[in-house]
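Listing of coords_3.cif; format and content: mmCIF, C-alpha atoms and all ligand atoms.
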```cif
data_query
#
loop_
_atom_site.group_PDB
_atom_site.id
_atom_site.type_symbol
_atom_site.label_atom_id
_atom_site.label_comp_id
_atom_site.auth_asym_id
_atom_site.auth_seq_id
_atom_site.Cartn_x
_atom_site.Cartn_y
_atom_site.Cartn_z
ATOM 1 C CA MET A 1 -1.400 9.070 11.389
ATOM 2 C CA THR A 2 -0.662 12.667 12.476
ATOM 3 C CA ASP A 3 -2.130 15.710 10.725
ATOM 4 C CA ASP A 4 1.271 16.432 9.318
ATOM 5 C CA GLU A 5 1.593 12.943 7.842
ATOM 6 C CA GLN A 6 -1.872 13.245 6.320
ATOM 7 C CA ARG A 7 -0.908 16.483 4.625
ATOM 8 C CA GLY A 8 2.265 14.782 3.431
ATOM 9 C CA ALA A 9 0.161 12.045 1.850
ATOM 10 C CA ALA A 10 -1.945 14.594 0.002
ATOM 11 C CA SER A 11 0.731 16.855 -1.422
ATOM 12 C CA GLY A 12 3.564 16.755 -3.922
ATOM 13 C CA PRO A 13 3.406 13.826 -6.319
ATOM 14 C CA LEU A 14 -0.365 13.480 -6.122
ATOM 15 C CA ASP A 15 -0.774 17.047 -7.364
ATOM 16 C CA ALA A 16 1.611 16.362 -10.203
ATOM 17 C CA ALA A 17 -0.024 13.094 -11.153
ATOM 18 C CA GLY A 18 -2.727 14.851 -13.123
ATOM 19 C CA ALA A 19 -6.218 13.449 -13.058
ATOM 20 C CA ILE A 20 -6.943 11.698 -9.796
ATOM 21 C CA ALA A 21 -9.307 8.758 -10.044
ATOM 22 C CA ALA A 22 -12.427 9.991 -8.293
ATOM 23 C CA ALA A 23 -13.257 6.565 -6.903
ATOM 24 C CA SER A 24 -10.030 6.286 -4.947
ATOM 25 C CA TRP A 25 -9.817 9.791 -3.522
ATOM 26 C CA PRO A 26 -12.164 11.181 -0.870
ATOM 27 C CA GLN A 27 -13.793 14.178 -2.552
ATOM 28 C CA ASP A 28 -14.509 16.047 0.656
ATOM 29 C CA GLU A 29 -10.881 16.285 1.757
ATOM 30 C CA PRO A 30 -9.133 19.377 0.404
ATOM 31 C CA ILE A 31 -5.703 18.771 -1.091
ATOM 32 C CA ASP A 32 -3.168 20.981 0.649
ATOM 33 C CA PRO A 33 -1.268 22.906 -2.028
ATOM 34 C CA ARG A 34 1.801 23.597 0.160
ATOM 35 C CA GLU A 35 5.303 22.902 -1.139
ATOM 36 C CA PRO A 36 6.769 19.463 -0.360
ATOM 37 C CA THR A 37 8.855 19.467 2.840
ATOM 38 C CA PRO A 38 12.232 17.695 3.188
ATOM 39 C CA ALA A 39 10.309 14.893 4.942
ATOM 40 C CA ASP A 40 8.062 14.526 1.873
ATOM 41 C CA GLU A 41 11.101 14.486 -0.372
ATOM 42 C CA ALA A 42 12.712 11.766 1.760
ATOM 43 C CA THR A 43 9.538 9.645 1.642
ATOM 44 C CA ASN A 44 9.275 10.054 -2.105
ATOM 45 C CA ALA A 45 12.937 9.136 -2.566
ATOM 46 C CA LEU A 46 12.290 5.998 -0.508
ATOM 47 C CA TRP A 47 9.305 5.085 -2.697
ATOM 48 C CA ARG A 48 11.200 5.764 -5.890
ATOM 49 C CA ALA A 49 13.991 3.444 -4.687
ATOM 50 C CA ARG A 50 11.432 0.764 -3.807
ATOM 51 C CA LEU A 51 9.525 0.999 -7.078
ATOM 52 C CA LEU A 52 12.534 1.298 -9.354
ATOM 53 C CA GLY A 53 14.344 -1.565 -7.609
ATOM 54 C CA THR A 54 17.407 0.275 -6.286
ATOM 55 C CA ASP A 55 16.126 -0.748 -2.840
ATOM 56 C CA PRO A 56 16.200 -4.556 -3.100
ATOM 57 C CA GLY A 57 13.941 -5.132 -0.061
ATOM 58 C CA LEU A 58 10.573 -5.180 -1.803
ATOM 59 C CA ARG A 59 11.810 -7.207 -4.761
ATOM 60 C CA GLN A 60 13.340 -9.862 -2.503
ATOM 61 C CA ILE A 61 10.305 -10.273 -0.316
ATOM 62 C CA ARG A 62 8.074 -10.522 -3.409
ATOM 63 C CA ARG A 63 10.354 -13.146 -4.934
ATOM 64 C CA THR A 64 10.112 -15.255 -1.794
ATOM 65 C CA PHE A 65 6.331 -14.961 -1.408
ATOM 66 C CA GLY A 66 5.780 -15.199 -5.167
ATOM 67 C CA ARG A 67 7.074 -18.803 -5.159
ATOM 68 C CA ILE A 68 4.373 -19.905 -2.712
ATOM 69 C CA PRO A 69 0.885 -20.641 -4.149
ATOM 70 C CA SER A 70 -1.554 -19.165 -4.716
ATOM 71 C CA PRO A 71 -3.270 -15.960 -5.872
ATOM 72 C CA PRO A 72 -4.924 -13.685 -4.966
ATOM 73 C CA ARG A 73 -1.970 -12.158 -3.132
ATOM 74 C CA CYS A 74 -1.082 -9.056 -1.160
ATOM 75 C CA LYS A 75 -0.456 -6.619 -3.999
ATOM 76 C CA VAL A 76 2.506 -5.058 -2.201
ATOM 77 C CA CYS A 77 4.505 -7.989 -0.756
ATOM 78 C CA SER A 78 2.916 -10.843 -2.774
ATOM 79 C CA ALA A 79 1.974 -12.903 0.308
ATOM 80 C CA PRO A 80 -0.548 -15.523 -0.886
ATOM 81 C CA PHE A 81 -4.089 -15.338 0.504
ATOM 82 C CA HIS A 82 -5.306 -18.632 -1.003
ATOM 83 C CA GLY A 83 -3.996 -22.156 -1.373
ATOM 84 C CA PRO A 84 -1.429 -23.792 0.931
ATOM 85 C CA GLY A 85 0.543 -20.529 1.181
ATOM 86 C CA ARG A 86 -2.099 -18.858 3.286
ATOM 87 C CA ILE A 87 -0.881 -20.878 6.316
ATOM 88 C CA PHE A 88 2.581 -19.249 6.006
ATOM 89 C CA THR A 89 0.990 -15.887 5.331
ATOM 90 C CA ARG A 90 -0.889 -16.085 8.632
ATOM 91 C CA LEU A 91 2.196 -17.241 10.542
ATOM 92 C CA TRP A 92 4.043 -14.165 9.268
ATOM 93 C CA LEU A 93 1.111 -11.930 10.287
ATOM 94 C CA ARG A 94 0.481 -11.064 6.664
ATOM 95 C CA GLY A 95 -3.191 -12.056 6.554
ATOM 96 C CA GLU A 96 -5.675 -9.991 4.567
ATOM 97 C CA SER A 97 -6.277 -6.671 6.285
ATOM 98 C CA PRO A 98 -9.924 -5.916 7.084
ATOM 99 C CA GLY A 99 -11.421 -3.609 4.456
ATOM 100 C CA HIS A 100 -8.495 -4.133 2.057
ATOM 101 C CA PRO A 101 -8.922 -7.597 0.560
ATOM 102 C CA LEU A 102 -5.752 -7.309 -1.565
ATOM 103 C CA ILE A 103 -3.314 -5.890 1.013
ATOM 104 C CA CYS A 104 -1.922 -7.727 4.045
ATOM 105 C CA ASN A 105 -1.948 -6.335 7.580
ATOM 106 C CA SER A 106 1.793 -5.767 7.586
ATOM 107 C CA CYS A 107 1.826 -3.787 4.312
ATOM 108 C CA ILE A 108 -1.181 -1.618 5.146
ATOM 109 C CA GLY A 109 0.605 -0.665 8.391
ATOM 110 C CA SER A 110 3.740 0.208 6.446
ATOM 111 C CA LEU A 111 1.769 2.287 3.903
ATOM 112 C CA ALA A 112 0.142 4.246 6.726
ATOM 113 C CA LYS A 113 3.549 4.883 8.281
ATOM 114 C CA HIS A 114 5.228 5.960 5.018
ATOM 115 C CA PRO A 115 2.570 7.448 2.733
ATOM 116 C CA GLY A 116 3.967 8.529 -0.601
ATOM 117 C CA GLY A 117 4.917 7.172 -3.986
ATOM 118 C CA ALA A 118 6.706 7.933 -7.224
ATOM 119 C CA GLU A 119 5.916 8.684 -10.846
ATOM 120 C CA ILE A 120 7.203 5.818 -12.972
ATOM 121 C CA GLU A 121 6.402 4.154 -16.287
ATOM 122 C CA ILE A 122 4.063 1.188 -15.844
ATOM 123 C CA SER A 123 1.667 -0.910 -17.908
ATOM 124 C CA ILE A 124 -1.962 -1.343 -16.903
ATOM 125 C CA VAL A 125 -4.563 -3.916 -17.952
ATOM 126 C CA PHE A 126 -8.299 -3.498 -17.429
ATOM 127 C CA ALA A 127 -10.639 -6.367 -18.260
ATOM 128 C CA ASP A 128 -14.310 -6.773 -17.553
ATOM 129 C CA VAL A 129 -17.452 -8.671 -18.367
ATOM 130 C CA ARG A 130 -19.505 -7.048 -21.119
ATOM 131 C CA GLY A 131 -23.238 -6.525 -20.546
ATOM 132 C CA SER A 132 -23.110 -8.104 -17.110
ATOM 133 C CA THR A 133 -26.465 -6.595 -16.091
ATOM 134 C CA GLY A 134 -28.235 -8.438 -18.915
ATOM 135 C CA LEU A 135 -26.285 -11.616 -18.189
ATOM 136 C CA ALA A 136 -27.229 -11.493 -14.515
ATOM 137 C CA GLU A 137 -30.901 -11.199 -15.518
ATOM 138 C CA ARG A 138 -30.733 -14.206 -17.829
ATOM 139 C CA THR A 139 -29.010 -16.562 -15.383
ATOM 140 C CA SER A 140 -29.550 -17.541 -11.776
ATOM 141 C CA ALA A 141 -27.751 -15.474 -9.152
ATOM 142 C CA ALA A 142 -25.783 -18.546 -8.068
ATOM 143 C CA GLU A 143 -24.635 -19.363 -11.616
ATOM 144 C CA PHE A 144 -23.637 -15.763 -12.292
ATOM 145 C CA ARG A 145 -21.730 -15.472 -9.019
ATOM 146 C CA GLY A 146 -19.984 -18.769 -9.767
ATOM 147 C CA VAL A 147 -18.852 -17.740 -13.246
ATOM 148 C CA LEU A 148 -17.679 -14.326 -11.975
ATOM 149 C CA GLN A 149 -15.613 -16.111 -9.331
ATOM 150 C CA ARG A 150 -14.058 -18.312 -12.035
ATOM 151 C CA PHE A 151 -13.360 -15.168 -14.094
ATOM 152 C CA TYR A 152 -11.562 -13.562 -11.122
ATOM 153 C CA GLU A 153 -9.476 -16.738 -10.660
ATOM 154 C CA VAL A 154 -8.572 -17.017 -14.357
ATOM 155 C CA SER A 155 -7.649 -13.307 -14.360
ATOM 156 C CA ALA A 156 -5.559 -13.502 -11.183
ATOM 157 C CA GLN A 157 -3.653 -16.527 -12.503
ATOM 158 C CA ALA A 158 -2.899 -14.893 -15.877
ATOM 159 C CA ILE A 159 -1.726 -11.701 -14.126
ATOM 160 C CA ASP A 160 0.300 -13.638 -11.538
ATOM 161 C CA ARG A 161 2.046 -15.820 -14.152
ATOM 162 C CA ASN A 162 3.253 -12.697 -15.928
ATOM 163 C CA GLY A 163 4.577 -10.786 -12.926
ATOM 164 C CA GLY A 164 1.644 -8.391 -12.582
ATOM 165 C CA ILE A 165 -0.302 -7.232 -9.544
ATOM 166 C CA VAL A 166 -4.071 -7.519 -9.237
ATOM 167 C CA ASP A 167 -4.779 -3.927 -8.203
ATOM 168 C CA LYS A 168 -8.473 -4.446 -7.626
ATOM 169 C CA PHE A 169 -11.437 -6.593 -8.531
ATOM 170 C CA LEU A 170 -14.120 -4.197 -9.695
ATOM 171 C CA GLY A 171 -17.837 -5.154 -9.773
ATOM 172 C CA ASP A 172 -17.361 -7.480 -12.749
ATOM 173 C CA GLY A 173 -13.844 -6.656 -13.827
ATOM 174 C CA VAL A 174 -10.211 -6.530 -12.841
ATOM 175 C CA MET A 175 -7.454 -3.883 -12.897
ATOM 176 C CA ALA A 176 -3.828 -5.067 -13.037
ATOM 177 C CA LEU A 177 -0.532 -3.185 -12.698
ATOM 178 C CA PHE A 178 2.776 -4.186 -14.276
ATOM 179 C CA ILE A 179 5.487 -2.242 -12.443
ATOM 180 C CA PRO A 180 9.132 -2.412 -13.625
ATOM 181 C CA VAL A 181 10.666 -3.440 -10.281
ATOM 182 C CA LEU A 182 8.225 -6.315 -9.930
ATOM 183 C CA THR A 183 7.528 -7.306 -13.521
ATOM 184 C CA GLY A 184 10.888 -6.458 -15.091
ATOM 185 C CA GLU A 185 11.850 -3.967 -17.766
ATOM 186 C CA MET A 186 9.647 -5.757 -20.320
ATOM 187 C CA HIS A 187 6.500 -4.854 -18.389
ATOM 188 C CA ALA A 188 4.538 -3.911 -21.513
ATOM 189 C CA GLY A 189 5.257 -7.259 -23.188
ATOM 190 C CA ARG A 190 4.375 -9.203 -20.058
ATOM 191 C CA ALA A 191 1.182 -7.172 -19.595
ATOM 192 C CA LEU A 192 0.248 -8.001 -23.205
ATOM 193 C CA GLN A 193 0.871 -11.687 -22.565
ATOM 194 C CA ALA A 194 -1.202 -11.523 -19.357
ATOM 195 C CA ALA A 195 -4.098 -9.856 -21.198
ATOM 196 C CA ARG A 196 -3.953 -12.474 -23.963
ATOM 197 C CA GLU A 197 -3.940 -15.328 -21.461
ATOM 198 C CA LEU A 198 -6.720 -13.676 -19.464
ATOM 199 C CA LEU A 199 -8.986 -13.417 -22.516
ATOM 200 C CA GLY A 200 -7.976 -16.898 -23.686
ATOM 201 C CA GLY A 201 -8.938 -18.288 -20.265
ATOM 202 C CA ALA A 202 -12.190 -16.296 -20.133
ATOM 203 C CA SER A 203 -13.173 -17.661 -23.571
ATOM 204 C CA ARG A 204 -13.365 -21.112 -21.954
ATOM 205 C CA LEU A 205 -15.900 -19.938 -19.346
ATOM 206 C CA ARG A 206 -19.604 -20.396 -20.086
ATOM 207 C CA VAL A 207 -22.619 -18.533 -18.788
ATOM 208 C CA GLY A 208 -26.116 -19.665 -19.786
ATOM 209 C CA GLY A 209 -24.466 -21.872 -22.444
ATOM 210 C CA ASP A 210 -22.626 -18.947 -24.096
ATOM 211 C CA ILE A 211 -18.990 -17.828 -23.857
ATOM 212 C CA LEU A 212 -18.526 -15.347 -20.995
ATOM 213 C CA PRO A 213 -18.184 -12.027 -22.881
ATOM 214 C CA VAL A 214 -15.015 -10.259 -21.677
ATOM 215 C CA GLY A 215 -13.166 -7.296 -23.210
ATOM 216 C CA ALA A 216 -9.762 -5.900 -22.179
ATOM 217 C CA GLY A 217 -7.535 -2.845 -22.641
ATOM 218 C CA LEU A 218 -3.787 -2.271 -22.180
ATOM 219 C CA HIS A 219 -1.905 1.008 -21.921
ATOM 220 C CA THR A 220 1.662 1.977 -20.959
ATOM 221 C CA GLY A 221 2.762 5.367 -19.611
ATOM 222 C CA ILE A 222 3.823 7.419 -16.609
ATOM 223 C CA ALA A 223 1.618 7.058 -13.537
ATOM 224 C CA PHE A 224 1.839 7.895 -9.859
ATOM 225 C CA VAL A 225 2.336 4.601 -7.983
ATOM 226 C CA GLY A 226 2.234 4.317 -4.219
ATOM 227 C CA ALA A 227 0.004 4.996 -1.239
ATOM 228 C CA VAL A 228 -3.191 6.750 -2.273
ATOM 229 C CA GLY A 229 -6.035 7.991 -0.098
ATOM 230 C CA SER A 230 -5.845 8.033 3.684
ATOM 231 C CA GLY A 231 -7.448 6.516 6.761
ATOM 232 C CA ASP A 232 -9.921 3.763 5.857
ATOM 233 C CA LYS A 233 -9.481 4.577 2.165
ATOM 234 C CA LEU A 234 -5.703 4.097 2.191
ATOM 235 C CA ASP A 235 -4.616 1.853 -0.673
ATOM 236 C CA PHE A 236 -1.610 0.944 -2.787
ATOM 237 C CA SER A 237 -2.497 1.803 -6.362
ATOM 238 C CA ALA A 238 -1.737 3.870 -9.454
ATOM 239 C CA LEU A 239 -3.260 7.208 -10.439
ATOM 240 C CA GLY A 240 -3.193 9.537 -13.396
ATOM 241 C CA ASP A 241 -4.045 9.874 -17.063
ATOM 242 C CA THR A 242 -2.332 6.579 -17.941
ATOM 243 C CA VAL A 243 -4.746 4.726 -15.648
ATOM 244 C CA ASN A 244 -7.745 6.582 -17.085
ATOM 245 C CA VAL A 245 -6.763 5.720 -20.664
ATOM 246 C CA ALA A 246 -6.285 2.030 -19.791
ATOM 247 C CA ALA A 247 -9.703 1.993 -18.095
ATOM 248 C CA ARG A 248 -11.261 3.613 -21.153
ATOM 249 C CA LEU A 249 -9.729 1.000 -23.486
ATOM 250 C CA GLY A 250 -10.991 -1.784 -21.238
ATOM 251 C CA SER A 251 -14.482 -0.307 -21.196
ATOM 252 C CA VAL A 252 -14.869 0.082 -24.975
ATOM 253 C CA ALA A 253 -13.340 -3.271 -26.019
ATOM 254 C CA ALA A 254 -15.984 -5.597 -27.449
ATOM 255 C CA ALA A 255 -16.414 -9.149 -26.145
ATOM 256 C CA GLY A 256 -13.291 -11.159 -26.946
ATOM 257 C CA GLU A 257 -11.351 -8.022 -27.928
ATOM 258 C CA LEU A 258 -8.068 -6.729 -26.542
ATOM 259 C CA LEU A 259 -7.372 -3.056 -27.304
ATOM 260 C CA VAL A 260 -3.671 -2.178 -26.963
ATOM 261 C CA SER A 261 -2.688 1.499 -27.099
ATOM 262 C CA ARG A 262 -0.025 2.360 -29.664
ATOM 263 C CA ALA A 263 2.231 3.472 -26.752
ATOM 264 C CA ALA A 264 1.945 0.053 -25.101
ATOM 265 C CA TRP A 265 2.449 -1.787 -28.398
ATOM 266 C CA ASP A 266 5.575 0.246 -29.175
ATOM 267 C CA ALA A 267 6.891 -0.492 -25.668
ATOM 268 C CA THR A 268 6.561 -4.243 -26.319
ATOM 269 C CA GLY A 269 8.938 -3.896 -29.287
ATOM 270 C CA LEU A 270 6.619 -6.035 -31.432
ATOM 271 C CA PRO A 271 6.429 -5.272 -35.163
ATOM 272 C CA LEU A 272 3.459 -3.323 -36.501
ATOM 273 C CA GLU A 273 3.172 -5.372 -39.682
ATOM 274 C CA GLY A 274 0.010 -7.397 -39.760
ATOM 275 C CA ALA A 275 -1.487 -5.550 -36.772
ATOM 276 C CA SER A 276 -5.083 -4.385 -36.976
ATOM 277 C CA PHE A 277 -5.553 -0.678 -36.107
ATOM 278 C CA ARG A 278 -8.479 1.366 -34.832
ATOM 279 C CA GLU A 279 -8.846 5.071 -33.928
ATOM 280 C CA LEU A 280 -10.655 5.827 -30.686
ATOM 281 C CA GLU A 281 -12.047 9.132 -29.474
ATOM 282 C CA VAL A 282 -11.172 9.620 -25.797
ATOM 283 C CA ARG A 283 -12.905 12.314 -23.792
ATOM 284 C CA GLY A 284 -10.582 15.190 -22.890
ATOM 285 C CA ARG A 285 -8.118 14.384 -25.691
ATOM 286 C CA ALA A 286 -7.694 16.580 -28.740
ATOM 287 C CA THR A 287 -6.505 13.736 -30.961
ATOM 288 C CA ALA A 288 -7.877 10.245 -31.430
ATOM 289 C CA LEU A 289 -6.022 7.405 -29.728
ATOM 290 C CA GLU A 290 -4.505 4.814 -32.035
ATOM 291 C CA VAL A 291 -5.032 1.259 -30.790
ATOM 292 C CA ILE A 292 -4.096 -2.195 -31.990
ATOM 293 C CA VAL A 293 -6.989 -4.665 -31.922
ATOM 294 C CA GLU A 294 -6.464 -8.329 -31.079
ATOM 295 C CA ARG A 295 -8.821 -11.230 -30.531
ATOM 296 C CA PRO A 296 -6.663 -13.384 -28.232
ATOM 297 C CA SER A 297 -8.937 -16.418 -28.172
ATOM 298 C CA ASP A 298 -7.917 -16.745 -31.847
ATOM 299 C CA VAL A 299 -4.216 -16.219 -30.987
ATOM 300 C CA THR A 300 -3.837 -19.748 -29.662
ATOM 301 C CA ALA A 301 -0.081 -19.874 -30.265
ATOM 302 C CA THR A 302 0.531 -17.398 -27.440
ATOM 303 C CA THR A 303 -1.435 -19.143 -24.709
HETATM 304 ZN ZN ZN B 401 1.812 -7.482 2.114
#
```
Written as structure tokens, how would this file's structure read?
Ligand SMILES: [Zn+2]
Amino acid sequence: MTDDEQRGAASGPLDAAGAIAAASWPQDEPIDPREPTPADEATNALWRARLLGTDPGLRQIRRTFGRIPSPPRCKVCSAPFHGPGRIFTRLWLRGESPGHPLICNSCIGSLAKHPGGAEIEISIVFADVRGSTGLAERTSAAEFRGVLQRFYEVSAQAIDRNGGIVDKFLGDGVMALFIPVLTGEMHAGRALQAARELLGGASRLRVGGDILPVGAGLHTGIAFVGAVGSGDKLDFSALGDTVNVAARLGSVAAAGELLVSRAAWDATGLPLEGASFRELEVRGRATALEVIVERPSDVTATT
């Protein structure tokens, strides 16, 4: 990547995206505040077309790969990394790229060549294991690793079935994106279904004889989606306040709970009657966030 391309990656939409997730952005690299050049504008137009579906290329390739089992997949092109599909994936030179377990070699090359992205409305699910430090102490390392692996599989399948992308596996959690071009216009509803299925599946996992305690959060809003970071840290992901709010909901949900922001619930078009509400204080926000609380392992009709 040339210096000019690196500056291109760090200007424009990233500045406008608001809060940048500290974990995914190298802190020691200054962000160049220069105005976007015509080249930046062209790259961003290309990304917008890709992510909004006016460019059919990405959607078609994902449809093809998406039919071949099984997850986890390349989060950009959907090439399968496990199951029988991994043979095809390797033939097409779309194996997992070193250092980026959820992006294939071909897509990471393309991201490096065309860094950029677009601000679009997406839905985001965060789910993770509650009190995992205590759990790890009470069980053997092998048992804990085994149940975490099962949790990742259950999560990836629930996300995959509902047209989402596993953005990353965190230490003991998962972040998933539901992007209109890939998931469809009803991305909030499909993200809700994925979160319900994820928690329903996790409620069948046992650790030390108890149900694996997992909580989840769902939020819908505008986020920057595209190539983030640079060099070894280059990734395809989402950034901004919407991501931070989803992460916050996922981190405060109790075991078995799904916290859905009011914005996400409204986007699903579901009625509010009968929903259970809670007000949450979120750091940096003047007003409390209204969330709908579900316990999906009890919502058996939806799984
Ligand atoms: Zn790929």
All residues 6 Å or closer to segment 235-239 of chain A, only C-alpha atoms, same chain fewer than 4 positions away omitted, as a PDB file with C-alpha atoms, in the frame of the given file:
```pdb
ATOM      1  CA  ILE A  20      -6.943  11.698  -9.796  1.00  0.00           C
ATOM      2  CA  ALA A 223       1.618   7.058 -13.537  1.00  0.00           C
ATOM      3  CA  PHE A 224       1.839   7.895  -9.859  1.00  0.00           C
ATOM      4  CA  VAL A 225       2.336   4.601  -7.983  1.00  0.00           C
ATOM      5  CA  GLY A 226       2.234   4.317  -4.219  1.00  0.00           C
ATOM      6  CA  ALA A 227       0.004   4.996  -1.239  1.00  0.00           C
ATOM      7  CA  VAL A 228      -3.191   6.750  -2.273  1.00  0.00           C
ATOM      8  CA  VAL A 243      -4.746   4.726 -15.648  1.00  0.00           C
TER       9      VAL A 243
END
```
Residues returned when the PyMOL selection byres (((not hetatm)) within 9 of (chain B and resi 401)) runs on this file, as JSON, numbers by chain: {"A": [62, 73, 74, 75, 76, 77, 78, 79, 80, 94, 95, 96, 102, 103, 104, 105, 106, 107, 108]}
Go ahead and save the residues from that selection, with C-alpha atoms, as a compact mmCIF listing (two decimals), in the frame of the given file.
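again-v3.txt was written with the following content:
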```txt
# COMPACT_ATOMS: atom_id res chain seq x y z
CA ARG A 62 8.07 -10.52 -3.41
CA ARG A 73 -1.97 -12.16 -3.13
CA CYS A 74 -1.08 -9.06 -1.16
CA LYS A 75 -0.46 -6.62 -4.00
CA VAL A 76 2.51 -5.06 -2.20
CA CYS A 77 4.50 -7.99 -0.76
CA SER A 78 2.92 -10.84 -2.77
CA ALA A 79 1.97 -12.90 0.31
CA PRO A 80 -0.55 -15.52 -0.89
CA ARG A 94 0.48 -11.06 6.66
CA GLY A 95 -3.19 -12.06 6.55
CA GLU A 96 -5.68 -9.99 4.57
CA LEU A 102 -5.75 -7.31 -1.56
CA ILE A 103 -3.31 -5.89 1.01
CA CYS A 104 -1.92 -7.73 4.04
CA ASN A 105 -1.95 -6.34 7.58
CA SER A 106 1.79 -5.77 7.59
CA CYS A 107 1.83 -3.79 4.31
CA ILE A 108 -1.18 -1.62 5.15
```
Atomic distance atom CA of Gly189 of chain A - atom CA of Ala267 of chain A, expressed in Å with one decimal: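 Atom CA of Ala267 of chain A lies 7.4 Å from atom CA of Gly189 of chain A.
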Evaluate the PyMOL selection byres (((chain A and resi 256-262) around 8) and not hetatm) and report residues as an MDAnalysis selection string: chainID A and resid 192 195:196 199 203 213:220 249:250 253:255 263:266 289:297
Residues near Gly221 of chain A, cut-off 9 Å, all atoms listed in the file, skip fewer than 4 positions along chain, as a list in words: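 Near neighbours after the sequence-gap exclusion: Ile120, Glu121, Ile122, Ser123, Ile124, Asp241, Thr242, Val243, Ala263 and Ala264 of chain A.
Take atom CA of Val207 of chain A and atom CA of Ser155 of chain A: the distance between them is 16.5 Å.
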Interatomic distance, atom CA of Gly208 of chain A to atom CA of Val252 of chain A (Å, one decimal): 23.3 Å
Spatial neighbours of segment 165-172 of chain A, 6 Å, only C-alpha atoms, chain gap at least 3 places, as a list of chain:residue names: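 That gives A:Lys75, A:Asp128, A:Val129, A:Met175, A:Ala176, A:Leu177.
Once the PyMOL selection byres (((chain A and resi 83) around 12) and not hetatm) is applied to this file, the selection holds Ile68, Pro69, Ser70, Pro71, Pro72, Arg73, Ala79, Pro80, Phe81, His82, Pro84, Gly85, Arg86, Ile87, Phe88 and Thr89 of chain A.
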Shortest interatomic distance to Asp55 of chain A - which of A:Arg206, A:Val181, A:Asp160, A:Arg130, counting all atoms listed in the file: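 Checking each of A:Arg206, A:Val181, A:Asp160, A:Arg130 against Asp55 of chain A, counting all atoms listed in the file, the winner is A:Val181.
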Using only the atoms of segment 260-268 of chain A listed in the file, plus 6 Å on each side, state the axis-aligned box centre and edge lengths in Å rounded to one decimal, as lines of an AutoDock Vina configuration file.
```
center_x = 1.6
center_y = -0.4
center_z = -27.4
size_x = 22.6
size_y = 19.7
size_z = 16.6
```
Surrounding residues of His187 of chain A excluding itself and chain neighbours under 3 positions, 9 Å, all atoms listed in the file, as an MDAnalysis selection string: chainID A and resid 122:123 162:164 178:180 182:184 190:192 220 267:268
Top pick for closest residue to Gly117 of chain A, considering A:Arg138, A:Arg150, A:Arg48, A:Arg90 and counting all atoms listed in the file: A:Arg48
Residue nearest Arg204 of chain A among A:Val154, A:Ala127, A:Ile159, A:Ala275 (counting all atoms listed in the file):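 Closest to Arg204 of chain A, using all atoms listed in the file: A:Val154.
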